[in-house]
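Down below is the structure, laid out as structure tokens.
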Amino acid sequence: MTSVAITVQRGLAGETPRDETFTVPYSEGMSLLDGLIWIRAHADATLAFRYSCINANSCKECVVSIAGKTEYACTARLTSSAVTVRPLGNKNLIRDLVTDTVPPKEKLGAVTG
Amino acid sequence: MGDAVTHLKTDVLVIGAGGAGMYAAIAAAQHGKQVLLLDKSLIGRGGATIMAQMTVAVAMGEQAPDHWTRHHADTLTAGRGLCDEELAALLCREGPDRIREMDEWGVGWTREDGHLKQVMAPGHDGPRCVFVDFLNTGPAVAKTLRAKIAKTDGIRRVSNLSVTSLVTRDGGVAGAVALDLNFGKPVTIAAGAVVLAAGGLTRLYRRNSASVNMGGESYALALDAGASLIDMEFVQFFPIGHLAPRLVGMDPIMWDPFRYKLGGRLLNGNMEEFIHNYGATDSGTYTAPRDVTAYAIVKEAEAGCGSPNGGAWLSFEHIGEATLRDAFGPVIDRLARNGIDLTTHPVEVAPIAHYHMGGIRVNEQMETEIAGLYAAGEAVGGANGANRLSGNAITEALVFGEVAGRNAAQNPNTPGWQAEWAQNAIGDIARLSNSGDNRSGLEFGALYGELQSLMWEKVGLMRNAPGLAEALSRIREMQTIDLPALHPRDTGAFALGVQEWFDLRAALATAEAITVSALNRTESRGAHQREDMTDTDADQAYNQRIKRNGAHIALDTLPVRRADIEIITSGAAE
Ligand SMILES: Cc1cc2nc3c(=O)[nH]c(=O)nc-3n(C[C@H](O)[C@H](O)[C@H](O)COP(=O)(O)OP(=O)(O)OC[C@H]3O[C@@H](n4cnc5c(N)ncnc54)[C@H](O)[C@@H]3O)c2cc1C
Ligand code: FES
């Protein structure tokens, strides 16, 4: 079976970010999100990333930065060459690939006053 | 715990912000109540509503004369004798009002010659289904409701707040406890009335069209609060879900309308049509019911006549390129990006878990047996019986959402709260959030994957008594042994492990309810197919009800609720 190396930026807000590389089984046509889901289920159950719809590309929750470009993890296709994923640079970091993309009026802080 | 738990108070709490929850929130606010709308994902994005790409069934009578009683008759036929006929009537009768209201709010239903365009779909007696082109129905519905919510006074909304438990008091609902995902902390909510609209359960199956948030939480929360569930054995498998090659960025159930519109041919591994061998007519009409088509594909593959990945071929090769481009529009380019050229190659399709007919038992006000607790959307059981007519689910979400929100607003309870009512639920979150190291070595990914395989193989499309019994004993073992020993590895901000523990707990409770119901229904009917009992038994034309009984669940049967509705066939639109 072929595999692909996925490097992911890790760390909580306020920590010094670190890069970690995972080797993921590769099959033709798979998405970066498929790879991240595999890592969380099989390699590191602490990796944080946002997603909901997986296939439909409708929720638009899975945006990350791939090789410096903003993309949906669920439509970005993996190839057999290594890839690096980082959280969006223009949003506040929460953890790993998760940034604060919740609209301001939908935050708990906004309703507790 | 140390620090104080965040506490919120509202007249009406709505759990889940899909089509049903958003409509309920709008309706309750329009009736003068303060509403709090929560979603474990982002508001309007987490569930099935935004993913729906196809059609919405409503007797608008715009394309051709129609009447809601005809839609009702088709719904009952599809439901194989088990529809709650009053709930089905509510869905069909009020559907047109919701569709017009959505139209006023700017959803943009596709029009033709000055009227709403309505198309045929399997099981309907005429062109009845509205939609938003191209494959944009769900996103348009979700966007319209989000915009309407933003403009409606009295609705507070919070994303990434995941309800883990309902709080009840003296036979009534008092509120809920939720996990604040962004900080990994518990939140308590006091509410006069609660609308449970947290969607369906298809994530429990290995092959599914679900988002990550469709894991049966509605049913588990309701059961735990003391409400009952009905028809849990009826999980709908969509017959021609995409199988291969890997398709990204597209809903796996997208083929149906095209097959229907263009006449896509369903072929076995020998490139021969086969549905007619299973008692349905299909070639040239494509009207074989969903359950028959799903059954035929699985049986054909079992007999060694499947496509290479164990499904069937879907071929559009006999259709000209120009016609294909016209029908598929920009979708053709999205397919090309997936390396799919329909003019030269068929694709592989196979059944996929898609929708749940069963669910929370409610009356026509959408109220459960627990005072002040309402349900709406796919969470509700009954309207679709043993098999759902295509296009009925969005209508159900909008209609039932409005009814639930309106009635919840009229509920006289005032929110009351004492911290100790929620102690156990808060304790669960606190304990999981502090566990940190994973001593047992059990992993969520492996356990959830095992459950999905078990459900797919033993509680899926083809069932038999030994398989169901085996599944049930493993599910119960996972509940009593594995779940308590599972400790999240991550804690704090966006610790998905804490959420996953609750996901597994809800999945197991829901899986138990499905499996017990399936084991007890000793016949085949609609979406429930027993290999060991292939006939439909007229004496089992009843609904099965599941209720909590201490640590376990109890099952009994109820007569189907009938309604005496005369079909109105003549006359113009209304
Ligand atoms: C891919 C796909 C295509 C479909 N196409 C069609 C179609 O063409 N026509 C049709 O009629 N039907 C279709 N359906 C079915 C239909 O979309 C659904 O039945 C309907 O949208 C359900 O609406 P809902 O509001 O009940 O649930 P959902 O839209 O699923 O919303 C439920 C919400 O609850 C949230 N939630 C879950 N648990 C919790 C919790 N514990 N706390 C807080 N929030 C929670 C979820 O995040 C989600 O946002 C399709 C379904 C799918 C999956
Ligand atoms: S996961 Fe929904 S758009 Fe990517």
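Residues are referred to by chain and number: the chain letter is A, B, ... according to the order shown in the structure tokens, the number counts from 1 in that chain, and ligands are numbered separately from 1 in the order shown.
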- May I have the residues of chain B within 7 Å of chain A, counting only C-alpha atoms, written as number ranges by chain? B: 42, 45-46, 50-51, 139, 156-159, 210-213, 246, 248-251, 445-446, 489-490, 493-494, 496
- Using only C-alpha atoms, determine which residues lie at most 10 Å from A:Ser3, disregarding the query and same-chain residues fewer than 5 positions distant; provide the list as a ChimeraX atom specification. /A:22-27,79-82
Could you please take those selected residues and save N, CA, C and O atoms as a short mmCIF file (atom, residue, chain, number, x, y, z; two decimals), in the first residue's frame?
data_model
loop_
_atom_site.label_atom_id
_atom_site.label_comp_id
_atom_site.auth_asym_id
_atom_site.auth_seq_id
_atom_site.Cartn_x
_atom_site.Cartn_y
_atom_site.Cartn_z
N PHE A 22 2.68 12.91 9.92
CA PHE A 22 2.02 11.60 10.04
C PHE A 22 2.09 10.89 8.69
O PHE A 22 1.97 11.52 7.64
N THR A 23 2.28 9.58 8.74
CA THR A 23 2.25 8.79 7.52
C THR A 23 0.88 8.13 7.41
O THR A 23 0.47 7.39 8.29
N VAL A 24 0.19 8.44 6.32
CA VAL A 24 -1.21 8.04 6.17
C VAL A 24 -1.35 7.14 4.95
O VAL A 24 -0.77 7.44 3.89
N PRO A 25 -2.10 6.04 5.04
CA PRO A 25 -2.32 5.19 3.87
C PRO A 25 -2.99 5.99 2.75
O PRO A 25 -3.96 6.71 3.01
N TYR A 26 -2.48 5.87 1.55
CA TYR A 26 -2.98 6.67 0.44
C TYR A 26 -3.78 5.83 -0.55
O TYR A 26 -3.35 4.75 -0.94
N SER A 27 -4.96 6.32 -0.92
CA SER A 27 -5.67 5.69 -2.03
C SER A 27 -6.10 6.79 -2.98
O SER A 27 -6.37 7.93 -2.55
N THR A 79 -2.14 13.91 -3.12
CA THR A 79 -1.43 13.14 -4.14
C THR A 79 -0.44 12.28 -3.35
O THR A 79 -0.46 12.31 -2.13
N SER A 80 0.42 11.58 -4.03
CA SER A 80 1.35 10.77 -3.23
C SER A 80 2.51 11.61 -2.69
O SER A 80 3.36 11.10 -1.97
N SER A 81 2.54 12.92 -3.00
CA SER A 81 3.63 13.73 -2.43
C SER A 81 3.20 14.45 -1.15
O SER A 81 2.02 14.74 -0.94
N ALA A 82 4.20 14.72 -0.31
CA ALA A 82 3.95 15.27 1.02
C ALA A 82 3.21 16.60 0.98
O ALA A 82 3.34 17.36 0.01
#
- Within 7 Å of ligand 1, counting only C-alpha atoms and all ligand atoms, which protein or nucleic acid residues do you find, written as a PyMOL selection string? (chain A and resi 56) or (chain B and resi 15-21+38-41+43-57+138+161-164+197-200+209-211+213-214+217-218+251-253+354-355+376-379+390-395+397)
Pull C-alpha atoms from the residues just selected and write them as a PDB file, in the first residue's frame.
ATOM      1  CA  ALA A  56     -21.054  17.402   0.139  1.00  0.00           C
TER       2      ALA A  56
ATOM      3  CA  ILE B  15     -31.594  22.024  20.221  1.00  0.00           C
ATOM      4  CA  GLY B  16     -30.156  21.656  16.712  1.00  0.00           C
ATOM      5  CA  ALA B  17     -30.108  24.335  14.013  1.00  0.00           C
ATOM      6  CA  GLY B  18     -31.095  22.455  10.854  1.00  0.00           C
ATOM      7  CA  GLY B  19     -34.255  23.182   8.880  1.00  0.00           C
ATOM      8  CA  ALA B  20     -36.501  21.995  11.710  1.00  0.00           C
ATOM      9  CA  GLY B  21     -34.704  23.793  14.537  1.00  0.00           C
ATOM     10  CA  LEU B  38     -28.021  25.856  19.911  1.00  0.00           C
ATOM     11  CA  ASP B  39     -25.970  23.701  17.612  1.00  0.00           C
ATOM     12  CA  LYS B  40     -22.983  21.484  18.300  1.00  0.00           C
ATOM     13  CA  SER B  41     -21.626  22.559  14.926  1.00  0.00           C
ATOM     14  CA  ILE B  43     -25.705  27.388  13.202  1.00  0.00           C
ATOM     15  CA  GLY B  44     -27.384  26.142  10.027  1.00  0.00           C
ATOM     16  CA  ARG B  45     -24.401  24.138   8.835  1.00  0.00           C
ATOM     17  CA  GLY B  46     -24.008  20.978  10.848  1.00  0.00           C
ATOM     18  CA  GLY B  47     -26.719  18.608   9.707  1.00  0.00           C
ATOM     19  CA  ALA B  48     -28.563  17.153   6.764  1.00  0.00           C
ATOM     20  CA  THR B  49     -30.498  20.255   5.721  1.00  0.00           C
ATOM     21  CA  ILE B  50     -27.580  22.081   4.151  1.00  0.00           C
ATOM     22  CA  MET B  51     -26.476  18.855   2.434  1.00  0.00           C
ATOM     23  CA  ALA B  52     -29.753  18.118   0.678  1.00  0.00           C
ATOM     24  CA  GLN B  53     -29.224  18.634  -3.010  1.00  0.00           C
ATOM     25  CA  MET B  54     -32.447  17.523  -4.516  1.00  0.00           C
ATOM     26  CA  THR B  55     -36.147  18.069  -4.140  1.00  0.00           C
ATOM     27  CA  VAL B  56     -38.924  18.966  -1.738  1.00  0.00           C
ATOM     28  CA  ALA B  57     -42.319  17.283  -2.133  1.00  0.00           C
ATOM     29  CA  GLY B 138     -30.376  22.429   0.930  1.00  0.00           C
ATOM     30  CA  LEU B 161     -22.650  24.117  22.133  1.00  0.00           C
ATOM     31  CA  SER B 162     -23.498  20.429  22.246  1.00  0.00           C
ATOM     32  CA  VAL B 163     -26.367  19.222  24.426  1.00  0.00           C
ATOM     33  CA  THR B 164     -25.363  16.149  26.419  1.00  0.00           C
ATOM     34  CA  ALA B 197     -34.426  19.013  16.575  1.00  0.00           C
ATOM     35  CA  ALA B 198     -30.997  17.398  16.575  1.00  0.00           C
ATOM     36  CA  GLY B 199     -31.524  15.389  13.379  1.00  0.00           C
ATOM     37  CA  GLY B 200     -31.090  11.760  12.371  1.00  0.00           C
ATOM     38  CA  SER B 209     -24.565  10.031   3.605  1.00  0.00           C
ATOM     39  CA  ALA B 210     -24.304  11.655   7.038  1.00  0.00           C
ATOM     40  CA  SER B 211     -22.377  14.589   8.377  1.00  0.00           C
ATOM     41  CA  ASN B 213     -23.267  15.425  13.549  1.00  0.00           C
ATOM     42  CA  MET B 214     -25.943  12.897  12.576  1.00  0.00           C
ATOM     43  CA  GLU B 217     -28.407  12.190  19.588  1.00  0.00           C
ATOM     44  CA  SER B 218     -32.048  13.256  19.240  1.00  0.00           C
ATOM     45  CA  ASP B 251     -23.139  14.453  -1.947  1.00  0.00           C
ATOM     46  CA  PRO B 252     -23.012  10.674  -2.541  1.00  0.00           C
ATOM     47  CA  ILE B 253     -26.746  10.520  -3.221  1.00  0.00           C
ATOM     48  CA  HIS B 354     -29.620   7.911   4.276  1.00  0.00           C
ATOM     49  CA  TYR B 355     -32.599   8.782   6.470  1.00  0.00           C
ATOM     50  CA  ALA B 376     -39.231  18.307  15.134  1.00  0.00           C
ATOM     51  CA  GLY B 377     -37.680  17.206  11.849  1.00  0.00           C
ATOM     52  CA  GLU B 378     -35.967  13.906  11.238  1.00  0.00           C
ATOM     53  CA  ALA B 379     -35.899  13.414  15.010  1.00  0.00           C
ATOM     54  CA  SER B 390     -38.687  10.975  -1.753  1.00  0.00           C
ATOM     55  CA  GLY B 391     -38.769  14.717  -1.052  1.00  0.00           C
ATOM     56  CA  ASN B 392     -40.811  14.372   2.143  1.00  0.00           C
ATOM     57  CA  ALA B 393     -37.946  14.988   4.569  1.00  0.00           C
ATOM     58  CA  ILE B 394     -37.356  18.682   3.960  1.00  0.00           C
ATOM     59  CA  THR B 395     -41.111  19.292   4.009  1.00  0.00           C
ATOM     60  CA  ALA B 397     -38.418  19.485   8.750  1.00  0.00           C
TER      61      ALA B 397
END
- Item | All alpha helix (DSSP H) residues (DSSP, backbone) inside stretch 3-90 of chain A, as an NGL selection string | :A and (32-38)
Those residues you just picked out, can you put them in a file as a PDB file, in the first residue's frame with N, CA and C atoms?
ATOM      1  N   LEU A  32      -7.782  15.629   1.627  1.00  0.00           N
ATOM      2  CA  LEU A  32      -6.998  15.919   2.822  1.00  0.00           C
ATOM      3  C   LEU A  32      -7.825  15.601   4.074  1.00  0.00           C
ATOM      4  N   LEU A  33      -9.147  15.919   4.021  1.00  0.00           N
ATOM      5  CA  LEU A  33      -9.996  15.630   5.180  1.00  0.00           C
ATOM      6  C   LEU A  33     -10.006  14.123   5.480  1.00  0.00           C
ATOM      7  N   ASP A  34     -10.081  13.296   4.441  1.00  0.00           N
ATOM      8  CA  ASP A  34      -9.999  11.837   4.651  1.00  0.00           C
ATOM      9  C   ASP A  34      -8.730  11.514   5.450  1.00  0.00           C
ATOM     10  N   GLY A  35      -7.631  12.173   5.079  1.00  0.00           N
ATOM     11  CA  GLY A  35      -6.351  11.937   5.755  1.00  0.00           C
ATOM     12  C   GLY A  35      -6.383  12.379   7.213  1.00  0.00           C
ATOM     13  N   LEU A  36      -6.960  13.565   7.471  1.00  0.00           N
ATOM     14  CA  LEU A  36      -7.026  14.068   8.850  1.00  0.00           C
ATOM     15  C   LEU A  36      -7.913  13.172   9.718  1.00  0.00           C
ATOM     16  N   ILE A  37      -9.028  12.726   9.149  1.00  0.00           N
ATOM     17  CA  ILE A  37      -9.933  11.834   9.894  1.00  0.00           C
ATOM     18  C   ILE A  37      -9.207  10.522  10.224  1.00  0.00           C
ATOM     19  N   TRP A  38      -8.416  10.050   9.263  1.00  0.00           N
ATOM     20  CA  TRP A  38      -7.645   8.813   9.507  1.00  0.00           C
ATOM     21  C   TRP A  38      -6.646   9.030  10.649  1.00  0.00           C
TER      22      TRP A  38
END
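Comparing the minimum interatomic distances between ligand 2 and each of A:Val63, A:Met1, A:Leu93, A:Val8, counting only C-alpha atoms and all ligand atoms, we find that A:Val63 sits nearest.
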